[in-house]
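Here is the structure we will look at.
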Amino acid sequence: MFLGVHGRERAETELRRIVCGAKFELLENEGSVRLLGPDMSYHRVDPYLSGYLQKMGLAREDILSYKLSTERVDFCFEDCWTGYFIADRLRQHRQGDDLTIIHVDGHSDMMATLLCLSGDMLTDATSGAVFNPACSSCWRSAIYSGSVTIGNFMTPLYYSSNRIHLRHVTNYLKLCEGCGIARAPQQYDLIPNKQFAAISKVDSTSAGEAGSYFVAPSPERVLEEKASGWTIIHIDLDYFINDFNGSSRDSGYIPPPGLRTKAAERMERLFDVLGSVGPAVDRWIIATSPGFCSAYHWQWLLSEINRRIRAYENATA
């Protein structure tokens, strides 16, 4: 109906808004849309990415799948794997408990997903397979299909059996904001017969049915908020340095030294505050954020973060 009334160009524009980080094909004759997996064209903006991958013996096509876990830290390039790692912890021994996620990231990552809502169940829009937020293999399938992407991976966690309390440290906002979170399925004129998993902010000082959200530009203010249940810390390198934010620069881009100076200050402040509050951290999850934070900085940033995590763990053991 929408396609017939508004035409292909308008329909494709609307679809891009809906699918966000996924590639798609509009099948005009069939009146349908085919998802083609995550759109990672933003990787091309970083002239230093290929060199970093080459040193690791990897290629660009390995970026999406790459992940690594050590005794205390989970590591990935694309931060959509955060939910995959958290699902493993939920499955092991934490279902039903409140979970606080300290989200150190330039973005909230709470957009609507392309997971369909059917009764109380979520299903992958591409396959119809049931999506369980506490199942790592479900996350893997949804990430590869494009149903969950880098902009919305926090949202499915609010559909788990756990109440989620997101404590967001960001450098893009000037004001503090606190609210409850409710599940709020999203429906689109272009796809009228489906509801997609999304969330909404509830004007409340207490947690909503699905949990809560608090964001502030200072780690001090964020960590003042009382943590509930157990705690995971997710760190995206674009909190410290965001060279591109997914957009291209000149081909001869050389990051100015001041970026690392500011990053070092942010890191010192973050870990100082963590040290003073001393939450018991179940897992640390680190994402490099290709196409946002340049690979030029990764070795230095990861080395500094890992050094500080070890110091924190030793101090709180």
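How things are named: the first chain in the structure tokens is A, the next is B, and so on; residues count from 1 in each chain; ligands count from 1 in the order shown.
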Close residues, stretch 75-83 of chain A itself excluded, 6 Å, only C-alpha atoms, min 2 positions apart in chain, as a list of chain:residue names: A:Tyr66, A:Lys67, A:Leu68, A:Phe85, A:Ile86, A:Ala87, A:Thr149, A:Ile150, A:Phe153, A:Ile285, A:Ile286, A:Ala287, A:Thr288, A:Ser289
Can you pull out every residue within 8 Å of A:Val222, counting only C-alpha atoms, but drop anything in the same chain fewer than 6 positions away, and send it as an mmCIF file with C-alpha atoms, in the first residue's frame?
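What landed in selection_14.cif:
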```cif
data_model
loop_
_atom_site.group_PDB
_atom_site.id
_atom_site.type_symbol
_atom_site.label_atom_id
_atom_site.label_comp_id
_atom_site.auth_asym_id
_atom_site.auth_seq_id
_atom_site.Cartn_x
_atom_site.Cartn_y
_atom_site.Cartn_z
ATOM 1 C CA ARG A 167 24.140 3.815 33.646
ATOM 2 C CA HIS A 168 25.495 5.718 30.659
ATOM 3 C CA VAL A 169 28.698 7.773 30.807
ATOM 4 C CA PHE A 214 20.514 7.327 33.631
ATOM 5 C CA VAL A 215 22.918 9.354 31.513
ATOM 6 C CA ALA A 216 25.339 12.131 32.386
#
```
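Between atom CA of A:Glu225 and atom CA of A:His107 lies a distance of 19.1 Å.
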Secondary structure check, strand (DSSP E) residues of stretch 96-312 of chain A, as JSON, numbers by chain: {"A": [99, 100, 101, 102, 103, 104, 115, 116, 117, 118, 121, 122, 123, 124, 130, 131, 164, 165, 166, 167, 168, 169, 177, 178, 179, 180, 181, 182, 183, 186, 187, 188, 191, 192, 193, 194, 195, 196, 199, 200, 201, 202, 211, 212, 213, 214, 215, 216, 230, 231, 232, 233, 234, 235, 236, 281, 282, 283, 284, 285, 286, 287]}
Could you pull the residues within 8 Å of A:Ile241, counting only C-alpha atoms, minus those fewer than 4 positions along the same chain, as a PDB file with N, CA and C atoms, in the first residue's frame?
```
ATOM      1  N   LEU A 237      35.468   2.259  22.745  1.00  0.00           N
ATOM      2  CA  LEU A 237      36.593   3.185  22.611  1.00  0.00           C
ATOM      3  C   LEU A 237      36.181   4.546  22.079  1.00  0.00           C
ATOM      4  N   LEU A 259      44.012  14.511  20.854  1.00  0.00           N
ATOM      5  CA  LEU A 259      42.981  13.494  21.082  1.00  0.00           C
ATOM      6  C   LEU A 259      43.407  12.518  22.170  1.00  0.00           C
ATOM      7  N   ARG A 260      44.673  12.143  22.140  1.00  0.00           N
ATOM      8  CA  ARG A 260      45.147  11.192  23.153  1.00  0.00           C
ATOM      9  C   ARG A 260      45.279  11.857  24.517  1.00  0.00           C
ATOM     10  N   ALA A 263      41.866  11.807  25.851  1.00  0.00           N
ATOM     11  CA  ALA A 263      41.486  10.430  26.160  1.00  0.00           C
ATOM     12  C   ALA A 263      42.120   9.966  27.466  1.00  0.00           C
ATOM     13  N   CYS A 293      36.109   5.241  16.384  1.00  0.00           N
ATOM     14  CA  CYS A 293      37.466   5.424  16.916  1.00  0.00           C
ATOM     15  C   CYS A 293      38.456   4.789  15.944  1.00  0.00           C
ATOM     16  N   SER A 294      39.409   5.559  15.471  1.00  0.00           N
ATOM     17  CA  SER A 294      40.358   5.053  14.481  1.00  0.00           C
ATOM     18  C   SER A 294      41.244   3.952  15.054  1.00  0.00           C
TER      19      SER A 294
END
```
Sel. of alpha helix (DSSP H) residues, stretch 59-178 of chain A, as a list of chain:residue names: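 Across stretch 59-178 of chain A, those assigned alpha helix (DSSP H) are A:Trp81, A:Thr82, A:Gly83, A:Tyr84, A:Phe85, A:Ile86, A:Ala87, A:Asp88, A:Arg89, A:Ser136, A:Ser137, A:Cys138, A:Trp139, A:Arg140, A:Ser141, A:Ala142, A:Ile143, A:Tyr144, A:Ser145.
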Pick from A:Val104, A:Val73, A:Val202, A:Cys176 nearest to A:Val281, counting only C-alpha atoms: A:Val73
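Using only C-alpha atoms, the smallest distance between any of A:Ala197, A:Cys179, A:Ala315, A:Leu157 and A:Asp124 comes from A:Ala197.
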Residues near A:Lys194, cut-off 10 Å, only C-alpha atoms, skip fewer than 2 positions along chain, as a PyMOL selection string: chain A and resi 114-118+125+185-192+196
Dump of all heavy atoms for the selected residues, as a compact mmCIF listing (two decimals), in the first residue's frame:
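Saved as again39.txt:
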```txt
# COMPACT_ATOMS: atom_id res chain seq x y z
N LEU A 114 15.09 -4.76 14.70
CA LEU A 114 14.30 -5.45 13.68
C LEU A 114 13.90 -6.84 14.16
O LEU A 114 13.67 -7.74 13.36
CB LEU A 114 15.06 -5.51 12.36
CG LEU A 114 15.27 -4.17 11.67
CD1 LEU A 114 16.09 -4.33 10.41
CD2 LEU A 114 13.93 -3.50 11.35
N LEU A 115 13.84 -7.01 15.48
CA LEU A 115 13.29 -8.21 16.07
C LEU A 115 11.78 -8.03 16.18
O LEU A 115 11.30 -7.00 16.66
CB LEU A 115 13.88 -8.47 17.45
CG LEU A 115 15.37 -8.75 17.51
CD1 LEU A 115 15.87 -8.73 18.95
CD2 LEU A 115 15.69 -10.10 16.86
N CYS A 116 11.03 -8.99 15.71
CA CYS A 116 9.57 -8.90 15.71
C CYS A 116 9.00 -9.40 17.04
O CYS A 116 9.52 -10.34 17.64
CB CYS A 116 8.97 -9.71 14.57
SG CYS A 116 9.46 -9.14 12.94
N LEU A 117 7.92 -8.76 17.45
CA LEU A 117 7.25 -9.14 18.69
C LEU A 117 6.02 -9.96 18.34
O LEU A 117 5.16 -9.52 17.58
CB LEU A 117 6.86 -7.91 19.49
CG LEU A 117 6.40 -8.13 20.92
CD1 LEU A 117 7.53 -8.71 21.76
CD2 LEU A 117 5.92 -6.82 21.53
N SER A 118 5.94 -11.16 18.90
CA SER A 118 4.80 -12.04 18.68
C SER A 118 4.34 -12.56 20.03
O SER A 118 4.96 -13.48 20.59
CB SER A 118 5.18 -13.20 17.76
OG SER A 118 4.11 -14.09 17.58
N ALA A 125 13.47 -11.16 12.30
CA ALA A 125 12.66 -10.78 11.15
C ALA A 125 13.04 -11.53 9.88
O ALA A 125 12.21 -11.70 8.98
CB ALA A 125 12.78 -9.27 10.91
N PRO A 185 6.67 -1.64 21.76
CA PRO A 185 6.80 -2.13 20.38
C PRO A 185 6.54 -1.04 19.36
O PRO A 185 5.64 -0.21 19.51
CB PRO A 185 5.73 -3.23 20.30
CG PRO A 185 5.57 -3.69 21.72
CD PRO A 185 5.76 -2.46 22.56
N GLN A 186 7.35 -1.04 18.30
CA GLN A 186 7.29 -0.02 17.25
C GLN A 186 6.63 -0.61 16.00
O GLN A 186 6.94 -1.73 15.59
CB GLN A 186 8.70 0.44 16.92
CG GLN A 186 8.80 1.50 15.85
CD GLN A 186 8.36 2.86 16.33
OE1 GLN A 186 8.83 3.33 17.36
NE2 GLN A 186 7.43 3.47 15.62
N GLN A 187 5.72 0.17 15.41
CA GLN A 187 5.06 -0.25 14.18
C GLN A 187 5.23 0.83 13.13
O GLN A 187 5.28 2.02 13.45
CB GLN A 187 3.57 -0.51 14.44
CG GLN A 187 2.90 -1.37 13.38
CD GLN A 187 1.59 -1.95 13.87
OE1 GLN A 187 1.22 -1.82 15.03
NE2 GLN A 187 0.87 -2.64 12.98
N TYR A 188 5.34 0.43 11.85
CA TYR A 188 5.61 1.38 10.78
C TYR A 188 4.54 1.26 9.69
O TYR A 188 4.07 0.16 9.40
CB TYR A 188 6.98 1.11 10.16
CG TYR A 188 8.12 1.11 11.16
CD1 TYR A 188 8.65 -0.08 11.63
CD2 TYR A 188 8.65 2.31 11.63
CE1 TYR A 188 9.70 -0.09 12.54
CE2 TYR A 188 9.70 2.31 12.55
CZ TYR A 188 10.22 1.11 13.00
OH TYR A 188 11.24 1.10 13.91
N ASP A 189 4.19 2.40 9.10
CA ASP A 189 3.21 2.39 8.01
C ASP A 189 3.66 1.51 6.85
O ASP A 189 2.85 0.88 6.17
CB ASP A 189 2.98 3.82 7.49
CG ASP A 189 2.27 4.70 8.49
OD1 ASP A 189 1.63 4.15 9.41
OD2 ASP A 189 2.37 5.93 8.37
N LEU A 190 4.97 1.48 6.64
CA LEU A 190 5.51 0.71 5.52
C LEU A 190 5.45 -0.80 5.77
O LEU A 190 5.42 -1.59 4.82
CB LEU A 190 6.96 1.14 5.27
CG LEU A 190 7.63 0.67 3.98
CD1 LEU A 190 6.83 1.12 2.75
CD2 LEU A 190 9.05 1.21 3.89
N ILE A 191 5.43 -1.19 7.04
CA ILE A 191 5.37 -2.61 7.41
C ILE A 191 4.24 -2.75 8.44
O ILE A 191 4.50 -2.97 9.63
CB ILE A 191 6.71 -3.10 7.98
CG1 ILE A 191 7.89 -2.60 7.12
CG2 ILE A 191 6.76 -4.62 8.07
CD1 ILE A 191 9.24 -2.89 7.70
N PRO A 192 3.01 -2.63 8.03
CA PRO A 192 1.90 -2.46 8.97
C PRO A 192 1.55 -3.70 9.78
O PRO A 192 0.90 -3.58 10.82
CB PRO A 192 0.73 -2.06 8.06
CG PRO A 192 1.07 -2.65 6.73
CD PRO A 192 2.57 -2.57 6.63
N PHE A 196 7.89 -4.30 16.11
CA PHE A 196 9.31 -4.52 16.34
C PHE A 196 9.69 -4.12 17.77
O PHE A 196 9.15 -3.15 18.32
CB PHE A 196 10.13 -3.73 15.33
CG PHE A 196 9.92 -4.17 13.91
CD1 PHE A 196 8.99 -3.54 13.10
CD2 PHE A 196 10.64 -5.24 13.39
CE1 PHE A 196 8.78 -3.96 11.80
CE2 PHE A 196 10.44 -5.67 12.09
CZ PHE A 196 9.50 -5.03 11.29
```
Polymer residues at most 12 Å from A:Thr231, only C-alpha atoms, same-chain spacing of 3 or more positions, as a PyMOL selection string: chain A and resi 86+89-90+94+97-103+164-167+223+226-228+234+278-285
Distance query A:Tyr48 at most 9 Å, only C-alpha atoms, self and fewer than 4 positions along chain excluded, as a list in words: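 Neighbouring residues, sequence-local ones excluded: Tyr52, Leu53, Ser294, Ala295 and Tyr296 of chain A.
Excluding stretch 304-313 of chain A itself and any same-chain residue fewer than 5 positions from it, the protein and nucleic acid residues within 8 Å of it, counting only C-alpha atoms, are Met267, Phe271 and Gly275 of chain A.
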Would you mind exporting N, CA and C atoms of the selected residues as a compact mmCIF listing (two decimals), in the first residue's frame?
```txt
# COMPACT_ATOMS: atom_id res chain seq x y z
N MET A 267 40.14 8.72 30.76
CA MET A 267 40.38 7.40 31.33
C MET A 267 40.79 7.49 32.80
N PHE A 271 38.46 5.77 35.84
CA PHE A 271 38.94 4.72 36.73
C PHE A 271 39.16 5.24 38.15
N GLY A 275 37.29 3.46 41.15
CA GLY A 275 38.05 3.05 42.33
C GLY A 275 37.44 3.55 43.62
```
Interatomic distance, atom CA of A:Leu301 to atom CA of A:Leu64 (Å, one decimal):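 Atom CA of A:Leu301 sits 20.2 Å away from atom CA of A:Leu64.
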Pick from A:Asp88, A:Glu209, A:Asp120, A:Glu177, whichever lies nearest to A:Cys135 using only C-alpha atoms: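 Closest to A:Cys135 of all the choices is A:Asp88.
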A:Asp250, A:Asp236, A:Glu224, A:Glu265 ranked by distance to A:Val45, top pick (using only C-alpha atoms):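 Counting only C-alpha atoms, the residue closest to A:Val45 is A:Asp250.
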Point-to-point distance in Å for atom CA of A:Ser141 and atom CA of A:Ile233: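 So the answer is 23.8 Å.
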